[in-house]
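Pasted below: data.txt, compact mmCIF, C-alpha atoms and all ligand atoms.
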# COMPACT_ATOMS: atom_id res chain seq x y z
CA MET U 1128 76.95 116.04 109.62
CA ARG U 1129 78.41 112.67 108.67
CA LYS U 1130 80.24 112.60 105.33
CA PRO U 1131 79.16 109.60 103.24
CA PHE U 1132 81.87 106.96 103.09
CA ILE U 1133 82.15 104.36 100.31
CA ALA U 1134 84.93 101.78 100.63
CA GLY U 1135 85.80 99.01 98.21
CA ASN U 1136 87.13 95.76 99.65
CA TRP U 1137 88.97 93.98 96.83
CA LYS U 1138 89.56 90.90 99.00
CA MET U 1139 92.16 88.45 97.58
CA ASN U 1140 91.79 89.71 94.01
CA MET U 1141 94.18 91.39 91.56
CA THR U 1142 97.92 91.08 91.15
CA HIS U 1143 99.77 94.35 91.63
CA LEU U 1144 99.85 94.90 87.85
CA GLU U 1145 96.11 94.30 87.57
CA ALA U 1146 95.60 96.67 90.49
CA ILE U 1147 97.66 99.39 88.76
CA LYS U 1148 95.54 99.01 85.62
CA PHE U 1149 92.32 99.02 87.63
CA ILE U 1150 93.05 102.18 89.61
CA GLY U 1151 94.22 103.85 86.38
CA ASP U 1152 90.84 103.00 84.82
CA VAL U 1153 89.07 104.37 87.90
CA GLU U 1154 91.08 107.58 87.59
CA TYR U 1155 90.10 107.95 83.94
CA LYS U 1156 86.35 107.71 84.66
CA TYR U 1157 86.26 109.09 88.19
CA GLU U 1158 83.64 111.51 89.41
CA ASN U 1159 82.34 112.01 92.90
CA LYS U 1160 79.24 114.15 92.68
CA ASN U 1161 78.10 113.40 96.25
CA ASP U 1162 81.46 114.47 97.67
CA CYS U 1163 81.81 111.13 99.45
CA GLU U 1164 84.90 109.96 101.18
CA VAL U 1165 86.08 107.10 98.94
CA CYS U 1166 88.56 104.38 99.85
CA VAL U 1167 89.95 101.35 98.04
CA CYS U 1168 91.33 98.37 99.95
CA PRO U 1169 93.61 96.30 97.69
CA PRO U 1170 95.59 93.25 98.85
CA PHE U 1171 98.85 94.02 100.71
CA THR U 1172 100.96 93.36 97.62
CA ALA U 1173 99.23 96.11 95.64
CA LEU U 1174 98.95 98.79 98.34
CA ARG U 1175 102.06 100.76 97.48
CA SER U 1176 101.54 100.59 93.70
CA VAL U 1177 97.95 101.78 94.06
CA LYS U 1178 99.08 104.57 96.39
CA ASN U 1179 101.62 105.74 93.79
CA ILE U 1180 98.89 106.06 91.14
CA ILE U 1181 96.56 107.83 93.56
CA ASP U 1182 99.27 110.32 94.52
CA SER U 1183 100.61 110.96 91.05
CA ASN U 1184 97.10 111.74 89.76
CA ALA U 1185 96.09 113.70 92.89
CA LEU U 1186 93.06 111.40 93.14
CA ASP U 1187 90.89 112.07 96.15
CA ILE U 1188 90.73 108.40 97.12
CA LYS U 1189 91.94 106.98 100.42
CA LEU U 1190 93.89 103.79 100.80
CA GLY U 1191 92.80 100.96 103.08
CA ALA U 1192 94.32 97.63 104.08
CA GLN U 1193 92.13 94.58 104.58
CA ASN U 1194 93.78 93.33 107.74
CA MET U 1195 96.88 93.60 109.94
CA TYR U 1196 98.38 92.07 113.06
CA TYR U 1197 98.17 93.89 116.37
CA GLU U 1198 101.85 93.64 117.39
CA GLU U 1199 104.37 96.32 116.38
CA ALA U 1200 107.15 94.04 115.10
CA GLY U 1201 108.88 90.77 115.80
CA ALA U 1202 108.64 87.03 115.28
CA PHE U 1203 105.21 86.85 113.68
CA THR U 1204 105.97 85.16 110.37
CA GLY U 1205 103.63 86.17 107.61
CA GLU U 1206 102.04 89.07 109.44
CA ILE U 1207 101.94 92.81 108.62
CA SER U 1208 102.20 95.47 111.33
CA PRO U 1209 100.30 98.75 111.70
CA LEU U 1210 103.59 100.66 111.29
CA MET U 1211 104.31 98.92 107.98
CA LEU U 1212 100.91 100.01 106.70
CA LYS U 1213 101.27 103.55 107.96
CA SER U 1214 104.71 103.93 106.42
CA ILE U 1215 103.39 103.22 102.91
CA GLY U 1216 100.55 105.73 103.20
CA VAL U 1217 97.60 103.59 104.28
CA ASP U 1218 94.73 105.55 105.88
CA TYR U 1219 92.22 102.87 106.88
CA VAL U 1220 92.36 99.23 108.00
CA ILE U 1221 89.42 96.84 107.79
CA VAL U 1222 89.27 94.81 111.00
CA GLY U 1223 87.00 91.96 111.95
CA HIS U 1224 85.68 91.20 108.48
CA SER U 1225 83.41 88.14 108.68
CA GLU U 1226 85.76 86.20 106.37
CA ARG U 1227 88.56 86.72 108.89
CA ARG U 1228 86.29 85.75 111.72
CA GLU U 1229 84.97 82.63 109.96
CA ILE U 1230 87.99 81.36 108.03
CA PHE U 1231 90.82 82.58 110.26
CA LYS U 1232 88.94 82.22 113.55
CA GLU U 1233 89.36 85.82 114.68
CA THR U 1234 87.47 86.43 117.89
CA ASN U 1235 86.05 89.67 119.28
CA LYS U 1236 89.10 89.78 121.61
CA ILE U 1237 91.47 89.69 118.66
CA VAL U 1238 89.42 92.31 116.81
CA ASN U 1239 89.56 94.48 119.93
CA LYS U 1240 93.38 94.21 120.05
CA LYS U 1241 93.55 95.11 116.36
CA VAL U 1242 91.29 98.15 116.75
CA LYS U 1243 93.48 99.38 119.62
CA ALA U 1244 96.66 98.83 117.59
CA VAL U 1245 95.17 100.70 114.61
CA PHE U 1246 94.47 103.70 116.83
CA VAL U 1247 97.87 103.61 118.57
CA ILE U 1248 99.66 104.03 115.24
CA GLY U 1249 97.28 106.77 114.09
CA LEU U 1250 95.34 104.88 111.40
CA LYS U 1251 91.56 104.51 111.22
CA PRO U 1252 89.69 101.23 111.56
CA ILE U 1253 86.68 100.09 109.56
CA MET U 1254 85.37 97.58 112.08
CA CYS U 1255 82.96 94.94 110.77
CA ILE U 1256 80.18 93.35 112.76
CA GLY U 1257 77.26 91.25 111.59
CA GLU U 1258 75.21 88.14 112.24
CA SER U 1259 74.95 84.78 110.46
CA LEU U 1260 71.74 83.58 108.85
CA SER U 1261 71.01 81.17 111.71
CA ILE U 1262 71.34 83.98 114.26
CA ARG U 1263 69.06 86.22 112.18
CA GLU U 1264 66.50 83.41 111.89
CA SER U 1265 66.61 82.77 115.63
CA GLY U 1266 65.55 86.39 116.22
CA ASN U 1267 68.73 87.25 118.17
CA ALA U 1268 70.50 89.32 115.53
CA GLU U 1269 70.40 92.61 117.41
CA ASP U 1270 71.69 91.18 120.71
CA PHE U 1271 74.44 89.36 118.84
CA VAL U 1272 75.60 92.38 116.84
CA LEU U 1273 75.48 94.73 119.83
CA GLY U 1274 77.41 92.13 121.84
CA GLN U 1275 80.11 92.10 119.13
CA LEU U 1276 80.19 95.90 119.20
CA VAL U 1277 80.67 96.09 122.98
CA GLU U 1278 83.39 93.41 123.10
CA CYS U 1279 85.29 94.74 120.10
CA LEU U 1280 85.27 98.29 121.50
CA SER U 1281 86.18 97.36 125.06
CA GLY U 1282 88.70 99.82 126.50
CA ILE U 1283 88.77 102.11 123.46
CA GLU U 1284 89.42 105.68 124.51
CA GLU U 1285 87.01 108.51 123.78
CA LYS U 1286 89.68 110.49 121.90
CA ASP U 1287 90.03 107.63 119.41
CA ILE U 1288 86.45 106.53 118.98
CA ILE U 1289 85.62 109.48 116.77
CA ASN U 1290 87.92 107.99 114.12
CA LEU U 1291 86.06 104.70 114.05
CA THR U 1292 83.95 103.59 111.10
CA LEU U 1293 81.63 100.65 111.66
CA ALA U 1294 80.48 98.34 108.90
CA TYR U 1295 77.31 96.41 109.60
CA GLU U 1296 77.61 93.38 107.35
CA PRO U 1297 75.07 90.59 107.79
CA ILE U 1298 77.10 87.52 106.83
CA TRP U 1299 74.22 86.00 104.86
CA ALA U 1300 74.27 89.02 102.52
CA ILE U 1301 78.00 89.00 101.74
CA GLY U 1302 78.78 87.83 98.23
CA THR U 1303 75.41 86.10 97.97
CA GLY U 1304 73.40 88.66 96.01
CA LYS U 1305 70.96 88.82 98.96
CA THR U 1306 70.84 92.34 100.37
CA ALA U 1307 69.19 93.09 103.67
CA THR U 1308 66.15 95.27 103.03
CA SER U 1309 67.02 98.92 103.50
CA LYS U 1310 64.70 99.01 106.49
CA ASP U 1311 66.28 95.96 108.16
CA ALA U 1312 69.76 97.33 107.50
CA ASN U 1313 68.79 100.73 108.85
CA ASP U 1314 67.09 99.23 111.92
CA MET U 1315 70.32 97.47 112.83
CA CYS U 1316 72.42 100.57 112.15
CA SER U 1317 70.05 102.58 114.40
CA ALA U 1318 70.40 99.97 117.15
CA ILE U 1319 74.19 100.19 116.78
CA ARG U 1320 74.03 103.98 117.05
CA GLY U 1321 71.83 103.65 120.14
CA LYS U 1322 74.42 101.40 121.76
CA LEU U 1323 77.20 103.85 120.81
CA GLU U 1324 75.19 106.55 122.58
CA ASN U 1325 75.03 104.39 125.75
CA LEU U 1326 78.75 103.78 125.59
CA PHE U 1327 80.13 107.15 124.48
CA GLY U 1328 77.33 109.72 124.66
CA LYS U 1329 75.03 111.28 122.10
CA ASP U 1330 77.46 113.69 120.45
CA ILE U 1331 79.98 110.98 119.66
CA SER U 1332 77.31 108.51 118.53
CA GLU U 1333 76.01 111.08 116.08
CA GLU U 1334 79.45 111.49 114.51
CA ILE U 1335 80.50 107.87 114.03
CA ARG U 1336 79.84 106.61 110.53
CA ILE U 1337 78.10 103.30 110.02
CA GLN U 1338 78.40 101.61 106.65
CA TYR U 1339 76.21 98.82 105.39
CA GLY U 1340 77.88 95.94 103.56
CA GLY U 1341 76.40 92.92 101.81
CA SER U 1342 75.78 92.71 98.06
CA VAL U 1343 75.74 96.48 97.57
CA LYS U 1344 75.30 97.20 93.86
CA PRO U 1345 74.56 100.25 91.70
CA PHE U 1346 70.83 99.39 91.73
CA ASN U 1347 70.40 99.25 95.52
CA ILE U 1348 72.87 101.86 96.80
CA SER U 1349 70.66 104.94 96.54
CA GLU U 1350 67.86 103.45 98.63
CA LEU U 1351 70.37 102.29 101.25
CA MET U 1352 71.96 105.74 101.32
CA SER U 1353 68.58 107.41 101.81
CA MET U 1354 68.21 105.72 105.21
CA THR U 1355 68.81 107.80 108.34
CA ASP U 1356 71.50 105.70 109.98
CA ILE U 1357 73.36 104.32 106.96
CA ASP U 1358 76.32 106.57 106.17
CA GLY U 1359 78.02 104.60 103.47
CA ALA U 1360 78.86 101.17 102.16
CA LEU U 1361 81.60 98.58 102.37
CA VAL U 1362 81.49 97.06 98.90
CA GLY U 1363 83.01 93.73 97.92
CA GLY U 1364 82.21 92.24 94.51
CA ALA U 1365 80.95 95.43 92.89
CA SER U 1366 84.14 97.28 93.85
CA LEU U 1367 86.03 95.06 91.39
CA LYS U 1368 84.17 96.54 88.41
CA VAL U 1369 85.23 100.07 87.55
CA ASP U 1370 81.83 101.21 86.27
CA ASP U 1371 79.91 99.65 89.16
CA PHE U 1372 82.22 101.13 91.75
CA ILE U 1373 81.97 104.61 90.25
CA ALA U 1374 78.19 104.25 89.97
CA ILE U 1375 78.01 103.32 93.66
CA VAL U 1376 80.14 106.35 94.61
CA ASN U 1377 77.75 108.50 92.58
CA TYR U 1378 74.56 106.94 94.01
C1 LIG N 1 82.43 92.60 101.75
O1 LIG N 1 83.37 92.00 101.28
O2 LIG N 1 82.59 93.25 102.80
C2 LIG N 1 81.15 92.57 101.05
C3 LIG N 1 80.15 93.21 101.57
O3 LIG N 1 81.10 91.85 99.87
P1 LIG N 1 79.92 91.90 98.76
O4 LIG N 1 79.67 93.34 98.45
O5 LIG N 1 80.48 91.16 97.60
O6 LIG N 1 78.71 91.24 99.36
Rendering of file as structure tokens:
Amino acid sequence: MRKPFIAGNWKMNMTHLEAIKFIGDVEYKYENKNDCEVCVCPPFTALRSVKNIIDSNALDIKLGAQNMYYEEAGAFTGEISPLMLKSIGVDYVIVGHSERREIFKETNKIVNKKVKAVFVIGLKPIMCIGESLSIRESGNAEDFVLGQLVECLSGIEEKDIINLTLAYEPIWAIGTGKTATSKDANDMCSAIRGKLENLFGKDISEEIRIQYGGSVKPFNISELMSMTDIDGALVGGASLKVDDFIAIVNY
């Protein structure tokens, strides 16, 4: 039985003081009637402050980072290592978000190195895959997304794969207000699960959680969550509004 998993990606929003206020407001209104796993992913500069609030209020919310570099330490100016994240209490790391792929030119090879580095240090990746509008319109979305999946998971060991979360995020639906229909989103998540079965066997494929991401809002979350192969959501814009985020958690 896969536990529903709702994660909020704050992107490059909120100073650390704004983040402290925000998580305090979440704490004040928080309920989790579906017993979801819930995670917030603030910018690096707010991670530790948010963690302090979570811990001091015994909030059942996990902490995620939005990115990291795959090396352990050294001359990599401006980068953050997996160990640095682990040492401040991070649980999850988003890897391969489409904004990193598009703006910062991250390839499947780089994403693969990051996923491996996340596992080596004992954190859990939320690995994003998804097609552009032109790929969807060309009819090749499934081949493209499954190709990303295979390349990004190349060489990942079976003992680690169970700790993977996938986020299927069609790029054309991110931050645009256009959501994939629940059926289209679920069809892709089912295809992803089918490929996971080919790669790792049925038992493992049935345990890996697949989130949908792309303009998830309080009004569309419950239909998405009713689909067989959608196990949660990676939420951008709506995770920056306390009431919307809590409403999504309580779909
Ligand atoms: C995202 O950032 O991963 C995302 C899905 O954003 P939004 O919910 O704003 O579309």
>> 9 Å from ligand LIG 1 (chain N) is the threshold here; counting only C-alpha atoms and all ligand atoms, which polymer residues fall inside it? Answer as a PyMOL selection string.
In response: chain U and resi 1135-1138+1224-1226+1255+1294+1296-1306+1339-1344+1360-1366
>> Distance cut-off 10 Å, centre (85.7, 109.0, 86.9) in file coordinates, counting only C-alpha atoms: which residues qualify? Return them as a list in words.
In response: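 Collected hits near the coordinates: Gly1151, Asp1152, Val1153, Glu1154, Tyr1155, Lys1156, Tyr1157, Glu1158, Asn1159, Leu1186, Val1369, Asp1370, Phe1372, Ile1373, Ala1374, Val1376 and Asn1377 of chain U.
Taking CA of Met1354 (chain U) and CA of Val1167 (chain U) as endpoints, the distance between them is 23.3 Å.
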Could you give me the centre and size, in Å to one decimal, of an axis-aligned box around all listed atoms of region 1181-1191 of chain U with 8 Å added on every side, as lines of an AutoDock Vina configuration file?
center_x = 95.7
center_y = 107.3
center_z = 96.4
size_x = 25.9
size_y = 28.7
size_z = 29.3
>> So, with all atoms listed in the file as the atoms that count, which of U:Asn1140, U:Glu1145, U:Ser1259, U:Cys1166 lies closest to Glu1229 (chain U)?
In response: U:Ser1259
>> Within 7 Å of (97.5, 93.1, 107.9) in the file's own coordinates, which protein, DNA or RNA residues have an atom, counting only C-alpha atoms? List them as a ChimeraX atom specification.
In response: /U:1192-1196,1206-1208
> Between CA of Glu1285 (chain U) and CA of Ile1335 (chain U), what is the spacing in Å?
Replying inline: 11.7 Å
> Excluding same-chain residues fewer than 4 positions from Pro1209 (chain U), what lies within 7 Å of it counting all atoms listed in the file, as a ChimeraX atom specification?
Replying inline: /U:1195,1199,1213,1244-1245,1248
Keeping C-alpha atoms, export the residues of the selection given above as a short mmCIF file (atom, residue, chain, number, x, y, z; two decimals), keeping the file's coordinate frame.
data_model
loop_
_atom_site.label_atom_id
_atom_site.label_comp_id
_atom_site.auth_asym_id
_atom_site.auth_seq_id
_atom_site.Cartn_x
_atom_site.Cartn_y
_atom_site.Cartn_z
CA MET U 1195 96.88 93.60 109.94
CA GLU U 1199 104.37 96.32 116.38
CA LYS U 1213 101.27 103.55 107.96
CA ALA U 1244 96.66 98.83 117.59
CA VAL U 1245 95.17 100.70 114.61
CA ILE U 1248 99.66 104.03 115.24
#
> Quick one: of U:Leu1367, U:Val1247, U:Leu1260, U:Ile1237, who's nearest to Ile1150 (chain U), counting only C-alpha atoms?
Replying inline: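 Among the listed residues, U:Leu1367 lies closest to Ile1150 (chain U).
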Can you patch up region 1353-1364 of chain U, filling it in to all heavy atoms, and show the result as a CSV table (one decimal), keeping the file's coordinate frame?
chain,number,residue,atom,x,y,z
U,1353,SER,N,69.6,106.5,101.4
U,1353,SER,CA,68.6,107.4,101.8
U,1353,SER,C,68.1,107.2,103.2
U,1353,SER,O,67.4,107.9,103.8
U,1353,SER,CB,67.4,107.3,100.9
U,1353,SER,OG,66.7,106.0,101.1
U,1354,MET,N,68.6,106.1,103.9
U,1354,MET,CA,68.2,105.7,105.2
U,1354,MET,C,69.0,106.6,106.2
U,1354,MET,O,70.1,106.9,106.1
U,1354,MET,CB,68.4,104.2,105.5
U,1354,MET,CG,67.9,103.3,104.5
U,1354,MET,SD,66.1,103.5,104.1
U,1354,MET,CE,65.3,102.8,105.5
U,1355,THR,N,68.3,106.8,107.4
U,1355,THR,CA,68.8,107.8,108.3
U,1355,THR,C,70.1,107.4,109.0
U,1355,THR,O,71.0,108.3,109.3
U,1355,THR,CB,67.8,108.0,109.5
U,1355,THR,OG1,67.4,106.7,110.0
U,1355,THR,CG2,66.6,108.8,109.0
U,1356,ASP,N,70.3,106.1,109.2
U,1356,ASP,CA,71.5,105.7,110.0
U,1356,ASP,C,72.5,105.0,109.1
U,1356,ASP,O,73.5,104.4,109.7
U,1356,ASP,CB,71.1,104.9,111.2
U,1356,ASP,CG,70.6,105.8,112.3
U,1356,ASP,OD1,71.4,106.7,112.8
U,1356,ASP,OD2,69.5,105.7,112.8
U,1357,ILE,N,72.4,104.9,107.8
U,1357,ILE,CA,73.4,104.3,107.0
U,1357,ILE,C,74.2,105.5,106.3
U,1357,ILE,O,73.6,106.3,105.6
U,1357,ILE,CB,72.7,103.4,105.9
U,1357,ILE,CG1,71.9,102.3,106.6
U,1357,ILE,CG2,73.7,102.9,104.9
U,1357,ILE,CD1,71.2,101.4,105.6
U,1358,ASP,N,75.5,105.4,106.6
U,1358,ASP,CA,76.3,106.6,106.2
U,1358,ASP,C,77.3,106.2,105.0
U,1358,ASP,O,78.1,107.0,104.7
U,1358,ASP,CB,77.2,107.0,107.4
U,1358,ASP,CG,76.3,107.3,108.6
U,1358,ASP,OD1,75.3,108.0,108.4
U,1358,ASP,OD2,76.6,106.9,109.7
U,1359,GLY,N,77.1,105.0,104.5
U,1359,GLY,CA,78.0,104.6,103.5
U,1359,GLY,C,77.9,103.1,103.2
U,1359,GLY,O,77.0,102.4,103.8
U,1360,ALA,N,78.9,102.6,102.5
U,1360,ALA,CA,78.9,101.2,102.2
U,1360,ALA,C,80.3,100.6,102.1
U,1360,ALA,O,81.2,101.3,101.7
U,1360,ALA,CB,78.2,101.0,100.8
U,1361,LEU,N,80.4,99.4,102.6
U,1361,LEU,CA,81.6,98.6,102.4
U,1361,LEU,C,81.2,97.6,101.3
U,1361,LEU,O,80.3,96.8,101.4
U,1361,LEU,CB,82.0,97.9,103.7
U,1361,LEU,CG,83.3,97.0,103.6
U,1361,LEU,CD1,84.5,97.9,103.1
U,1361,LEU,CD2,83.7,96.4,104.9
U,1362,VAL,N,81.9,97.7,100.1
U,1362,VAL,CA,81.5,97.1,98.9
U,1362,VAL,C,82.5,96.0,98.5
U,1362,VAL,O,83.7,96.3,98.4
U,1362,VAL,CB,81.4,98.1,97.7
U,1362,VAL,CG1,80.8,97.4,96.5
U,1362,VAL,CG2,80.5,99.3,98.2
U,1363,GLY,N,82.1,94.8,98.3
U,1363,GLY,CA,83.0,93.7,97.9
U,1363,GLY,C,83.0,93.6,96.4
U,1363,GLY,O,83.6,94.3,95.7
U,1364,GLY,N,82.2,92.6,95.9
U,1364,GLY,CA,82.2,92.2,94.5
U,1364,GLY,C,82.1,93.4,93.5
U,1364,GLY,O,82.8,93.5,92.6
